[in-house]
file structure-v4.cif (mmCIF, C-alpha atoms and all ligand atoms)
data_target
loop_
_atom_site.label_atom_id
_atom_site.label_comp_id
_atom_site.auth_asym_id
_atom_site.auth_seq_id
_atom_site.Cartn_x
_atom_site.Cartn_y
_atom_site.Cartn_z
CA MET A 29 -5.93 14.55 19.91
CA PRO A 30 -9.68 14.73 20.59
CA THR A 31 -12.01 12.06 19.27
CA PRO A 32 -13.15 13.29 15.85
CA ALA A 33 -16.77 14.13 15.12
CA THR A 34 -18.01 11.81 12.44
CA ALA A 35 -21.19 10.65 10.82
CA VAL A 36 -22.63 7.64 12.57
CA VAL A 37 -21.29 4.61 10.74
CA THR A 38 -24.42 2.51 10.55
CA PRO A 39 -24.50 -1.27 10.05
CA VAL A 40 -25.97 -0.60 6.59
CA ALA A 41 -23.03 1.65 5.68
CA ARG A 42 -20.54 -0.93 6.94
CA LEU A 43 -22.20 -3.73 5.01
CA ALA A 44 -22.33 -1.64 1.81
CA TYR A 45 -18.63 -0.72 2.13
CA VAL A 46 -17.49 -4.28 2.70
CA LEU A 47 -19.69 -5.77 -0.05
CA GLN A 48 -18.47 -3.13 -2.52
CA HIS A 49 -14.98 -4.57 -2.07
CA PHE A 50 -16.07 -8.20 -1.89
CA TRP A 51 -17.85 -7.81 -5.22
CA GLN A 52 -14.82 -6.11 -6.71
CA ALA A 53 -12.73 -9.11 -5.69
CA TYR A 54 -15.34 -11.65 -6.87
CA PRO A 55 -17.62 -9.92 -9.41
CA SER A 56 -19.98 -12.87 -9.91
CA ALA A 57 -20.80 -12.99 -6.16
CA ARG A 58 -23.39 -10.22 -6.63
CA GLN A 59 -26.10 -12.75 -7.44
CA VAL A 60 -26.34 -13.91 -3.81
CA ALA A 61 -27.83 -11.87 -0.95
CA ILE A 62 -25.48 -11.33 2.01
CA GLY A 63 -26.62 -9.71 5.24
CA TYR A 64 -27.47 -9.93 8.92
CA GLU A 65 -31.13 -10.81 8.39
CA PRO A 66 -31.69 -14.50 7.69
CA ALA A 67 -32.40 -14.94 3.98
CA PRO A 68 -33.99 -18.08 2.54
CA ALA A 69 -31.46 -18.32 -0.32
CA GLY A 70 -28.53 -16.25 0.82
CA VAL A 71 -25.68 -15.85 3.26
CA THR A 72 -26.48 -14.79 6.83
CA VAL A 73 -23.76 -13.26 9.01
CA LEU A 74 -24.08 -13.44 12.80
CA VAL A 75 -24.07 -9.99 14.43
CA GLY A 76 -20.98 -9.73 16.64
CA ALA A 77 -19.83 -6.13 17.09
CA GLY A 78 -22.31 -5.05 19.78
CA SER A 79 -21.97 -1.33 20.46
CA PHE A 80 -18.30 -1.18 19.37
CA PHE A 81 -18.81 1.11 16.37
CA SER A 82 -20.95 3.63 18.23
CA GLU A 83 -18.42 3.94 21.07
CA LYS A 84 -15.57 5.02 18.75
CA ALA A 85 -12.82 3.24 20.67
CA PRO A 86 -9.78 2.45 18.53
CA TYR A 87 -9.37 -1.20 19.50
CA PRO A 88 -11.92 -4.04 19.61
CA PRO A 89 -11.69 -7.03 21.97
CA ALA A 90 -8.91 -9.48 21.09
CA PRO A 91 -9.67 -11.72 18.13
CA THR A 92 -10.25 -15.45 18.40
CA TRP A 93 -8.04 -17.63 16.24
CA ARG A 94 -9.79 -20.08 13.97
CA ASN A 95 -8.37 -22.51 11.52
CA TRP A 96 -9.11 -21.68 7.89
CA GLY A 97 -7.51 -23.58 5.03
CA GLY A 98 -4.92 -25.09 7.37
CA GLN A 99 -3.87 -21.75 8.80
CA PRO A 100 -4.79 -19.93 12.02
CA VAL A 101 -6.59 -16.68 11.16
CA PRO A 102 -7.58 -13.97 13.69
CA PHE A 103 -11.31 -13.21 13.73
CA PHE A 104 -12.49 -10.03 15.44
CA PHE A 105 -16.10 -9.80 16.65
CA ASP A 106 -16.47 -13.54 17.16
CA ALA A 107 -19.61 -13.75 19.32
CA ALA A 108 -19.93 -17.54 19.12
CA PRO A 109 -16.40 -18.94 19.37
CA ASP A 110 -17.65 -22.48 19.97
CA ALA A 111 -19.87 -22.52 16.88
CA PRO A 112 -18.42 -23.66 13.56
CA LEU A 113 -17.22 -20.79 11.39
CA LEU A 114 -19.45 -21.80 8.54
CA ALA A 115 -22.79 -23.64 8.63
CA LEU A 116 -23.87 -24.84 5.20
CA LEU A 117 -27.61 -25.50 4.82
CA PRO A 118 -29.53 -26.56 1.72
CA GLY A 119 -29.41 -23.48 -0.54
CA ALA A 120 -28.21 -21.14 2.21
CA ALA A 121 -25.27 -20.56 4.54
CA THR A 122 -24.59 -18.96 7.91
CA ILE A 123 -21.26 -17.44 8.97
CA ASN A 124 -20.99 -17.54 12.76
CA VAL A 125 -18.45 -14.70 13.03
CA ASP A 126 -19.22 -11.11 12.14
CA VAL A 127 -16.81 -11.04 9.19
CA ILE A 128 -18.57 -7.91 7.88
CA ALA A 129 -17.72 -5.94 11.05
CA ALA A 130 -14.21 -7.40 11.17
CA ALA A 131 -13.52 -6.61 7.50
CA PHE A 132 -14.91 -3.11 7.95
CA TYR A 133 -12.77 -2.47 11.03
CA LEU A 134 -9.51 -3.36 9.25
CA LEU A 135 -10.22 -2.10 5.73
CA SER A 136 -11.57 1.28 6.84
CA GLY A 137 -8.50 1.92 9.00
CA TRP A 138 -10.77 2.45 12.01
CA GLN A 139 -7.91 1.95 14.49
CA GLU A 140 -5.81 4.80 13.13
CA TYR A 141 -8.75 7.13 12.67
CA PHE A 142 -9.83 6.82 16.31
CA SER A 143 -6.43 6.28 17.95
CA PRO A 144 -4.57 9.45 19.04
CA GLU A 145 -1.17 7.74 18.58
CA ARG A 146 1.17 9.48 16.10
CA ASP A 147 4.94 9.41 15.60
CA TRP A 148 7.36 12.30 15.00
CA HIS A 149 6.21 12.56 11.38
CA GLY A 150 2.53 12.57 12.39
CA ARG A 151 2.05 8.96 11.25
CA PHE A 152 0.07 6.24 12.96
CA PRO A 153 2.84 3.98 14.29
CA TYR A 154 3.03 0.28 13.50
CA ALA A 155 3.76 -0.24 17.23
CA ALA A 156 0.21 0.97 18.03
CA SER A 157 -1.51 -1.30 15.49
CA VAL A 158 -3.56 -4.47 15.99
CA GLN A 159 -1.37 -5.97 13.27
CA LYS A 160 1.63 -5.64 15.60
CA LEU A 161 -0.28 -6.46 18.77
CA PHE A 162 -1.69 -9.73 17.42
CA GLY A 163 1.13 -10.48 14.98
CA PHE A 164 -0.60 -10.56 11.59
CA VAL A 165 0.96 -7.69 9.62
CA ALA A 166 2.08 -9.98 6.78
CA VAL A 167 -1.29 -11.77 6.52
CA PRO A 168 -4.08 -10.10 4.49
CA VAL A 169 -6.75 -11.04 6.98
CA VAL A 170 -9.57 -9.26 5.13
CA ASN A 171 -8.87 -11.44 2.10
CA TYR A 172 -9.31 -14.48 4.36
CA TYR A 173 -12.66 -13.10 5.59
CA PHE A 174 -13.63 -12.66 1.95
CA GLU A 175 -12.62 -16.24 1.27
CA VAL A 176 -15.03 -17.38 3.98
CA LEU A 177 -17.77 -15.26 2.36
CA LYS A 178 -16.82 -16.60 -1.05
CA THR A 179 -17.07 -20.20 0.16
CA ALA A 180 -20.55 -19.48 1.54
CA VAL A 181 -21.64 -17.82 -1.71
CA GLU A 182 -20.25 -20.70 -3.78
CA HIS A 183 -22.31 -23.10 -1.70
CA VAL A 184 -25.49 -21.09 -2.31
CA LEU A 185 -24.74 -20.67 -6.01
CA GLY A 186 -23.62 -24.26 -6.47
CA GLN A 187 -20.64 -23.19 -8.55
CA PRO A 188 -17.14 -21.81 -7.94
CA LEU A 189 -16.42 -18.09 -8.08
CA PRO A 190 -13.38 -17.44 -10.25
CA PRO A 191 -10.82 -15.09 -8.69
CA ARG A 192 -9.84 -11.88 -10.42
CA ARG A 193 -7.15 -12.27 -13.09
CA TRP A 194 -4.66 -9.63 -14.17
CA ARG A 195 -4.28 -9.85 -17.96
CA GLY A 196 -4.51 -13.56 -17.48
CA ALA A 197 -1.98 -13.63 -14.63
CA ALA A 198 -2.80 -14.78 -11.10
CA PHE A 199 -1.50 -11.59 -9.50
CA ALA A 200 -0.09 -8.16 -10.31
CA GLY A 201 3.11 -6.26 -9.56
CA PHE A 202 3.32 -2.49 -9.13
CA ILE A 203 6.93 -1.31 -9.20
CA THR A 204 7.38 2.21 -7.92
CA HIS A 205 10.23 4.63 -7.30
CA ASP A 206 10.01 7.70 -5.04
CA ILE A 207 12.50 10.27 -6.30
CA ASP A 208 13.74 12.24 -3.30
CA SER A 209 17.18 13.06 -4.71
CA LEU A 210 18.61 13.51 -8.21
CA HIS A 211 21.78 15.38 -7.25
CA GLY A 212 23.13 13.18 -4.47
CA GLY A 213 25.38 10.17 -4.33
CA TRP A 214 28.83 11.78 -4.72
CA GLY A 215 29.81 11.17 -1.10
CA THR A 216 28.64 7.56 -1.25
CA ALA A 217 30.58 6.99 -4.48
CA LEU A 218 33.74 8.55 -3.07
CA ARG A 219 33.60 6.54 0.16
CA GLY A 220 32.99 3.36 -1.85
CA ALA A 221 35.99 4.00 -4.08
CA LEU A 222 38.24 4.70 -1.09
CA ARG A 223 36.97 1.62 0.75
CA ARG A 224 37.84 -0.48 -2.28
CA GLY A 225 41.29 1.14 -2.37
CA ASN A 226 40.72 2.54 -5.86
CA PRO A 227 42.29 6.04 -6.07
CA ILE A 228 41.63 6.39 -9.81
CA GLU A 229 37.89 5.87 -9.31
CA ALA A 230 37.95 8.27 -6.34
CA GLY A 231 39.69 10.91 -8.48
CA ARG A 232 37.17 10.42 -11.28
CA THR A 233 34.34 10.91 -8.79
CA LEU A 234 35.82 14.16 -7.49
CA LEU A 235 36.41 15.40 -11.03
CA GLY A 236 32.85 14.50 -12.03
CA LYS A 237 31.41 16.53 -9.20
CA ALA A 238 33.77 19.47 -9.84
CA THR A 239 32.93 19.60 -13.57
CA GLY A 240 29.15 19.35 -13.11
CA GLN A 241 28.64 15.81 -14.41
CA PRO A 242 25.26 14.16 -13.66
CA ALA A 243 25.26 12.89 -10.08
CA PRO A 244 25.23 9.13 -9.38
CA TRP A 245 21.56 9.30 -8.31
CA ASN A 246 20.53 11.18 -11.45
CA ASN A 247 19.62 7.79 -12.83
CA LEU A 248 15.96 7.72 -13.87
CA GLU A 249 16.74 6.18 -17.27
CA GLN A 250 18.87 3.49 -15.66
CA VAL A 251 16.13 2.74 -13.11
CA GLN A 252 13.64 2.36 -15.93
CA ALA A 253 15.96 0.12 -17.95
CA THR A 254 16.68 -2.10 -14.94
CA THR A 255 12.99 -2.46 -14.07
CA ALA A 256 12.11 -3.05 -17.74
CA SER A 257 14.67 -5.86 -17.89
CA PHE A 258 12.27 -7.79 -15.61
CA GLY A 259 9.32 -7.01 -17.87
CA ALA A 260 7.92 -4.29 -15.60
CA PRO A 261 7.07 -0.63 -16.18
CA SER A 262 8.28 1.94 -13.65
CA THR A 263 6.01 4.41 -11.88
CA PHE A 264 8.06 7.43 -10.79
CA PHE A 265 6.75 9.50 -7.87
CA MET A 266 8.33 12.95 -8.29
CA LEU A 267 8.74 15.07 -5.18
CA GLY A 268 6.79 18.30 -5.58
CA SER A 269 8.88 20.80 -3.63
CA PRO A 270 12.55 21.53 -2.86
CA GLN A 271 11.68 23.58 0.25
CA PRO A 272 12.51 21.84 3.54
CA ALA A 273 9.60 21.41 5.94
CA PRO A 274 9.34 23.72 8.97
CA ASN A 275 10.54 20.89 11.25
CA GLY A 276 13.71 20.60 9.14
CA THR A 277 12.73 17.45 7.21
CA ALA A 278 14.21 17.56 3.72
CA ASN A 279 12.10 17.56 0.60
CA ALA A 280 13.54 17.33 -2.95
CA ASP A 281 17.07 18.33 -3.94
CA TYR A 282 15.71 19.21 -7.40
CA SER A 283 12.91 21.24 -8.96
CA ILE A 284 10.30 20.11 -11.45
CA ASN A 285 11.46 22.31 -14.34
CA SER A 286 10.97 22.08 -18.09
CA ALA A 287 14.15 20.02 -18.60
CA LEU A 288 12.99 17.44 -16.06
CA LEU A 289 9.47 17.42 -17.52
CA TYR A 290 10.98 16.73 -20.94
CA ARG A 291 12.91 13.78 -19.49
CA LEU A 292 9.78 12.45 -17.82
CA ARG A 293 7.92 12.61 -21.14
CA GLN A 294 10.73 10.53 -22.69
CA LEU A 295 10.42 7.99 -19.89
CA GLU A 296 6.65 7.88 -20.40
CA ALA A 297 7.20 7.23 -24.11
CA ASN A 298 9.09 4.13 -22.96
CA GLY A 299 6.20 2.92 -20.81
CA SER A 300 6.76 4.67 -17.47
CA GLU A 301 4.22 6.68 -15.53
CA THR A 302 4.88 9.97 -13.76
CA ALA A 303 3.06 10.38 -10.46
CA SER A 304 3.18 12.91 -7.64
CA HIS A 305 5.30 12.44 -4.53
CA ALA A 306 3.57 15.03 -2.37
CA SER A 307 6.06 16.94 -0.24
CA TYR A 308 6.29 16.85 3.53
CA GLY A 309 3.44 18.85 5.05
CA THR A 310 0.96 18.49 2.19
CA ALA A 311 -0.83 15.48 3.72
CA THR A 312 -2.97 18.04 5.57
CA ASP A 313 -2.75 20.92 3.06
CA THR A 314 -4.81 20.65 -0.12
CA ALA A 315 -3.87 24.13 -1.36
CA ARG A 316 -0.14 23.38 -1.27
CA LEU A 317 -0.62 20.04 -2.94
CA GLN A 318 -2.68 21.70 -5.69
CA GLU A 319 0.23 24.10 -6.24
CA GLU A 320 2.64 21.19 -6.62
CA ILE A 321 0.36 19.53 -9.15
CA GLY A 322 0.18 22.84 -11.04
CA GLN A 323 3.84 22.40 -12.00
CA TYR A 324 2.87 19.70 -14.50
CA ASP A 325 1.60 22.08 -17.20
CA GLY A 326 -1.75 20.48 -17.82
CA THR A 327 -0.53 16.88 -17.69
CA ARG A 328 -1.81 16.22 -14.20
CA PRO A 329 -0.52 13.02 -12.64
CA ASN A 330 -3.21 10.44 -11.84
CA GLY A 331 -1.46 9.10 -8.78
CA ASN A 332 0.24 10.16 -5.59
CA ARG A 333 2.30 8.95 -2.69
CA PHE A 334 3.19 11.17 0.27
CA HIS A 335 6.86 11.74 1.11
CA TYR A 336 7.83 9.87 4.31
CA LEU A 337 4.55 7.97 3.88
CA CYS A 338 2.90 10.81 5.77
CA TRP A 339 -0.81 10.15 6.23
CA GLU A 340 -3.10 11.75 8.77
CA PRO A 341 -6.17 9.48 8.68
CA ARG A 342 -8.52 12.27 9.74
CA HIS A 343 -7.50 14.64 6.91
CA THR A 344 -5.39 13.03 4.22
CA PRO A 345 -8.09 11.04 2.40
CA LYS A 346 -9.98 14.30 1.89
CA VAL A 347 -6.80 16.00 0.63
CA VAL A 348 -6.29 13.22 -1.93
CA ALA A 349 -9.92 13.40 -3.03
CA GLN A 350 -9.97 17.21 -3.27
CA THR A 351 -6.75 17.27 -5.27
CA GLY A 352 -8.43 14.98 -7.78
CA PHE A 353 -6.07 12.01 -7.81
CA ARG A 354 -7.38 8.75 -9.23
CA TYR A 355 -5.14 6.73 -6.93
CA ASP A 356 -2.81 6.94 -3.95
CA SER A 357 -0.16 4.44 -2.84
CA THR A 358 0.96 5.62 0.59
CA LEU A 359 -0.69 3.07 2.89
CA GLY A 360 1.97 0.74 4.16
CA PHE A 361 3.77 0.82 7.48
CA ALA A 362 7.23 2.44 7.17
CA GLU A 363 8.39 0.20 10.03
CA HIS A 364 7.33 -3.16 8.60
CA TYR A 365 6.45 -4.76 5.26
CA GLY A 366 2.98 -6.23 4.95
CA PHE A 367 -0.62 -5.06 4.88
CA ARG A 368 -1.59 -1.91 6.81
CA ASN A 369 -5.29 -2.39 6.05
CA SER A 370 -4.92 -6.19 6.06
CA TYR A 371 -5.94 -6.34 2.40
CA CYS A 372 -3.87 -7.16 -0.69
CA LEU A 373 -6.09 -5.66 -3.40
CA PRO A 374 -6.53 -1.95 -4.13
CA PHE A 375 -9.46 -0.47 -2.22
CA PHE A 376 -11.45 2.72 -1.78
CA PRO A 377 -10.59 4.39 1.55
CA PHE A 378 -13.55 4.94 3.85
CA ASP A 379 -14.86 8.49 4.19
CA PHE A 380 -15.71 8.72 7.89
CA GLU A 381 -17.39 12.11 7.48
CA HIS A 382 -19.93 10.88 4.95
CA GLY A 383 -20.16 7.22 5.92
CA GLN A 384 -19.24 5.87 2.48
CA ALA A 385 -16.26 5.03 0.27
CA HIS A 386 -14.09 7.68 -1.31
CA THR A 387 -13.87 7.46 -5.09
CA PHE A 388 -10.07 7.34 -5.39
CA LEU A 389 -8.30 4.01 -5.26
CA GLU A 390 -5.68 3.15 -2.65
CA ILE A 391 -3.06 0.76 -4.03
CA PRO A 392 -1.56 -0.36 -0.73
CA LEU A 393 2.21 -0.28 -0.36
CA ASN A 394 3.64 -3.65 0.70
CA VAL A 395 7.37 -3.15 0.92
CA MET A 396 9.77 -0.22 0.86
CA ASP A 397 13.54 -0.65 0.53
CA ALA A 398 14.34 1.50 3.59
CA THR A 399 12.04 -0.59 5.82
CA LEU A 400 14.23 -3.65 5.37
CA HIS A 401 17.46 -2.24 6.78
CA HIS A 402 17.31 0.95 8.80
CA PRO A 403 18.21 1.98 12.35
CA ASN A 404 14.53 2.71 13.13
CA TYR A 405 12.94 -0.14 11.20
CA LEU A 406 14.15 -3.68 10.45
CA GLN A 407 17.77 -4.78 10.28
CA LEU A 408 17.63 -7.62 7.78
CA GLN A 409 20.84 -8.88 6.24
CA PRO A 410 20.87 -8.89 2.41
CA ALA A 411 20.44 -12.65 2.24
CA GLU A 412 17.45 -12.50 4.61
CA ILE A 413 15.38 -10.05 2.55
CA LEU A 414 13.74 -12.26 -0.09
CA PRO A 415 13.10 -15.13 2.36
CA ALA A 416 11.40 -12.63 4.69
CA LEU A 417 9.19 -11.23 1.92
CA ARG A 418 8.30 -14.48 0.16
CA PRO A 419 5.42 -15.48 2.50
CA MET A 420 3.84 -12.05 1.99
CA PHE A 421 4.14 -12.33 -1.79
CA ARG A 422 2.63 -15.85 -1.58
CA GLU A 423 -0.43 -14.39 0.15
CA ILE A 424 -0.80 -11.76 -2.60
CA GLU A 425 -0.52 -14.45 -5.25
CA ARG A 426 -3.07 -16.65 -3.48
CA PHE A 427 -5.67 -13.88 -3.40
CA GLY A 428 -4.97 -12.35 -6.82
CA GLY A 429 -3.74 -9.10 -5.30
CA VAL A 430 -1.20 -6.44 -6.20
CA ALA A 431 2.39 -6.60 -4.94
CA THR A 432 3.49 -2.99 -4.55
CA VAL A 433 7.24 -2.47 -4.24
CA LEU A 434 8.94 0.85 -3.50
CA TRP A 435 12.58 1.00 -4.51
CA HIS A 436 13.99 4.56 -4.37
CA ASN A 437 16.30 5.63 -7.21
CA ASP A 438 19.24 6.04 -4.80
CA HIS A 439 18.84 2.36 -3.89
CA PHE A 440 19.83 1.51 -7.48
CA ASP A 441 23.33 2.79 -6.62
CA PRO A 442 25.74 -0.18 -6.77
CA ALA A 443 27.38 1.26 -3.64
CA ASN A 444 24.25 0.17 -1.73
CA THR A 445 24.90 -3.47 -0.84
CA THR A 446 22.24 -3.88 1.88
CA THR A 447 19.05 -2.75 0.09
CA GLY A 448 20.48 -2.03 -3.32
CA PRO A 449 20.21 -3.17 -6.93
CA ARG A 450 21.06 -6.75 -6.07
CA GLN A 451 18.21 -7.13 -3.57
CA PHE A 452 15.85 -5.41 -6.03
CA ALA A 453 16.88 -7.91 -8.71
CA GLU A 454 16.16 -10.81 -6.34
CA ILE A 455 12.67 -9.52 -5.59
CA MET A 456 11.92 -8.85 -9.27
CA GLY A 457 13.31 -12.21 -10.33
CA TYR A 458 11.03 -13.89 -7.80
CA LEU A 459 7.89 -11.97 -8.88
CA ARG A 460 8.59 -12.69 -12.54
CA GLN A 461 9.24 -16.36 -11.87
CA ARG A 462 5.89 -16.60 -10.03
CA GLY A 463 4.18 -15.18 -13.12
CA ALA A 464 3.13 -11.72 -11.91
CA ALA A 465 1.82 -9.31 -14.55
CA PHE A 466 3.27 -5.83 -14.08
CA PHE A 467 1.32 -2.57 -14.29
CA THR A 468 1.70 1.16 -13.77
CA GLY A 469 -0.63 2.75 -11.20
CA SER A 470 -2.95 4.15 -13.88
CA GLN A 471 -3.13 0.75 -15.55
CA ILE A 472 -4.24 -0.77 -12.22
CA VAL A 473 -6.95 1.88 -11.90
CA ALA A 474 -8.07 1.07 -15.46
CA GLU A 475 -8.21 -2.67 -14.67
CA LEU A 476 -10.38 -2.13 -11.59
CA CYS A 477 -12.41 0.96 -12.44
CA ASP A 478 -12.84 0.79 -16.24
CA LEU A 479 -11.20 4.16 -16.87
ZN ZN A 501 10.08 10.46 -0.32
#

call {"tool": "encode", "arguments": {"input": "structure-v4.cif", "output": "structure tokens", "more": "lines below"}}
Ligand SMILES: [Zn+2]
result
Amino acid sequence: MPTPATAVVTPVARLAYVLQHFWQAYPSARQVAIGYEPAPAGVTVLVGAGSFFSEKAPYPPAPTWRNWGGQPVPFFFDAAPDAPLLALLPGAATINVDVIAAAFYLLSGWQEYFSPERDWHGRFPYAASVQKLFGFVAVPVVNYYFEVLKTAVEHVLGQPLPPRRWRGAAFAGFITHDIDSLHGGWGTALRGALRRGNPIEAGRTLLGKATGQPAPWNNLEQVQATTASFGAPSTFFMLGSPQPAPNGTANADYSINSALLYRLRQLEANGSETASHASYGTATDTARLQEEIGQYDGTRPNGNRFHYLCWEPRHTPKVVAQTGFRYDSTLGFAEHYGFRNSYCLPFFPFDFEHGQAHTFLEIPLNVMDATLHHPNYLQLQPAEILPALRPMFREIERFGGVATVLWHNDHFDPANTTTGPRQFAEIMGYLRQRGAAFFTGSQIVAELCDL
């Protein structure tokens, strides 16, 4: 893959992009000037990136690790590692690490835009990421950089900056379901019945399939009821095409027809949202994605997530923008839970061609069921799942972020005992107990963008 031609990403553009998000996280911080030039009553950031951003290499020098709030945090572009992180002066503050450059590098997804590494599905692999290399995938490092900025601003202002609240709650939950299959599950049910030595149940399963009963995974109403029992609305991402991809990867085993649309309207009447699960291949094909959206008869979905979490950093943001979505929720690593852009709040992806933010919101994906137990991903035992995820959720709670969970409808099948309904219930029970407020994707956009 050749290095892409892009607009020059100037220091001014980087500062504007980072401050746009800092102000979204802490709205009252706008009153204080932040920049590289020393300001008499503001926050000065030490320049640390040198010529890195004009050279277009994917990886910066290794970060230094500094203690912040009792925790080691990696700081990229640390030009003065012996200087204190923060120097507080009367009415002003200096940050001795280039947290603007570091935040820009991670939040913009610079590494995946300039790296040629892709996996079989065309995705930037977790194995090629700085998160893997330096071991911080489950730490929202950009939020820590923002906390340093916030502390400096609070010093200048002489008053604390309140964090964002979500309908009064300290953090938000976004519970999502990608619907890849509505007609499957017979084989799983039959094998389960036989394994349990229950011939009557096995016979009933065979009869159900033979007489055209709804398949075990035709369970949207049950998924909604289960999610609602934890006080959360469901956002359903419906796969836009039943045609397999040219490389043989399966898309939907159902079509978006009038009967299904009627069902979705019923689910919406009960508080759900219908979003688009763009089929395999559309991450680089706006025309095909537009066709898929055309199936909705004028009720265009606001949101999207790509099947297989496909995302080509050099094309996909433009596809999402051109298709007119208000939000996307694809950006997580399939191979590991955590923070792909090292940030736990929704953000506006960077438009490398125009040197500014896109206008659609990315609600980053933190954890997908299949990631937790899969031959290619992690192999957690059921009892290990919630303990593994809890530190990540704690970070989201600390920074007032959004916990985005993807639990496919087939993982609500009781036959799934590794990443099934029981593990979903444990995660939901934990989020509810911690006081998360739950939202659909469009409700999150409304909270952040005043729809
Ligand atoms: Zn999918």

call {"tool": "residues_around", "arguments": {"input": "structure-v4.cif", "residues": "range 184-195 of chain A", "least_positions_apart": "4", "cutoff": "6 Å", "atoms": "only C-alpha atoms", "output": "list in words"}}
result
Tyr54, Gly119, Ala120 and Phe199 of chain A

call {"tool": "residues_near_ligand", "arguments": {"input": "structure-v4.cif", "ligand": "ligand ZN 501 (chain A)", "cutoff": "8 Å", "atoms": "all atoms listed in the file", "output": "VMD selection string"}}
result
chain A and resid 206 to 208 267 279 305 307 334 to 337

call {"tool": "closest_residue", "arguments": {"input": "structure-v4.cif", "among": "A:Ala166, A:Leu114, A:Val181, A:Val36", "to": "Ser56 in chain A", "atoms": "all atoms listed in the file"}}
result
A:Val181

call {"tool": "closest_atom_pairs", "arguments": {"input": "structure-v4.cif", "of": "range 70-144 of chain A", "to": "range 378-388 of chain A", "cutoff": "10 Å", "atoms": "all atoms listed in the file", "output": "tab-separated table"}}
result
residue	atom	partner	partner_atom	distance
A:Phe132	CA	A:Phe378	CA	9.1
A:Leu135	CA	A:Phe378	CA	8.0
A:Ser136	CA	A:Phe378	CA	5.1
A:Gly137	CA	A:Phe378	CA	7.8
A:Trp138	CA	A:Phe378	CA	9.0
A:Tyr141	CA	A:Phe380	CA	8.6

call {"tool": "closest_residue", "arguments": {"input": "structure-v4.cif", "among": "A:Gly352, A:Gly201, A:Pro112, A:Pro66", "to": "Ser304 in chain A", "atoms": "only C-alpha atoms"}}
result
A:Gly352

call {"tool": "residues_around", "arguments": {"input": "structure-v4.cif", "residues": "Ser209 in chain A", "least_positions_apart": "3", "cutoff": "8 Å", "atoms": "only C-alpha atoms", "output": "PDB file with C-alpha atoms, in the frame of the given file"}}
result
ATOM      1  CA  GLY A 212      23.130  13.180  -4.470  1.00  0.00           C
ATOM      2  CA  TRP A 245      21.560   9.300  -8.310  1.00  0.00           C
ATOM      3  CA  ASN A 246      20.530  11.180 -11.450  1.00  0.00           C
ATOM      4  CA  ALA A 280      13.540  17.330  -2.950  1.00  0.00           C
ATOM      5  CA  ASP A 281      17.070  18.330  -3.940  1.00  0.00           C
ATOM      6  CA  TYR A 282      15.710  19.210  -7.400  1.00  0.00           C
ATOM      7  CA  ASN A 437      16.300   5.630  -7.210  1.00  0.00           C
ATOM      8  CA  ASP A 438      19.240   6.040  -4.800  1.00  0.00           C
TER       9      ASP A 438
END

call {"tool": "closest_residue", "arguments": {"input": "structure-v4.cif", "among": "A:Arg219, A:Ala465, A:His205, A:Phe258", "to": "Asn444 in chain A", "atoms": "all atoms listed in the file"}}
result
A:Arg219
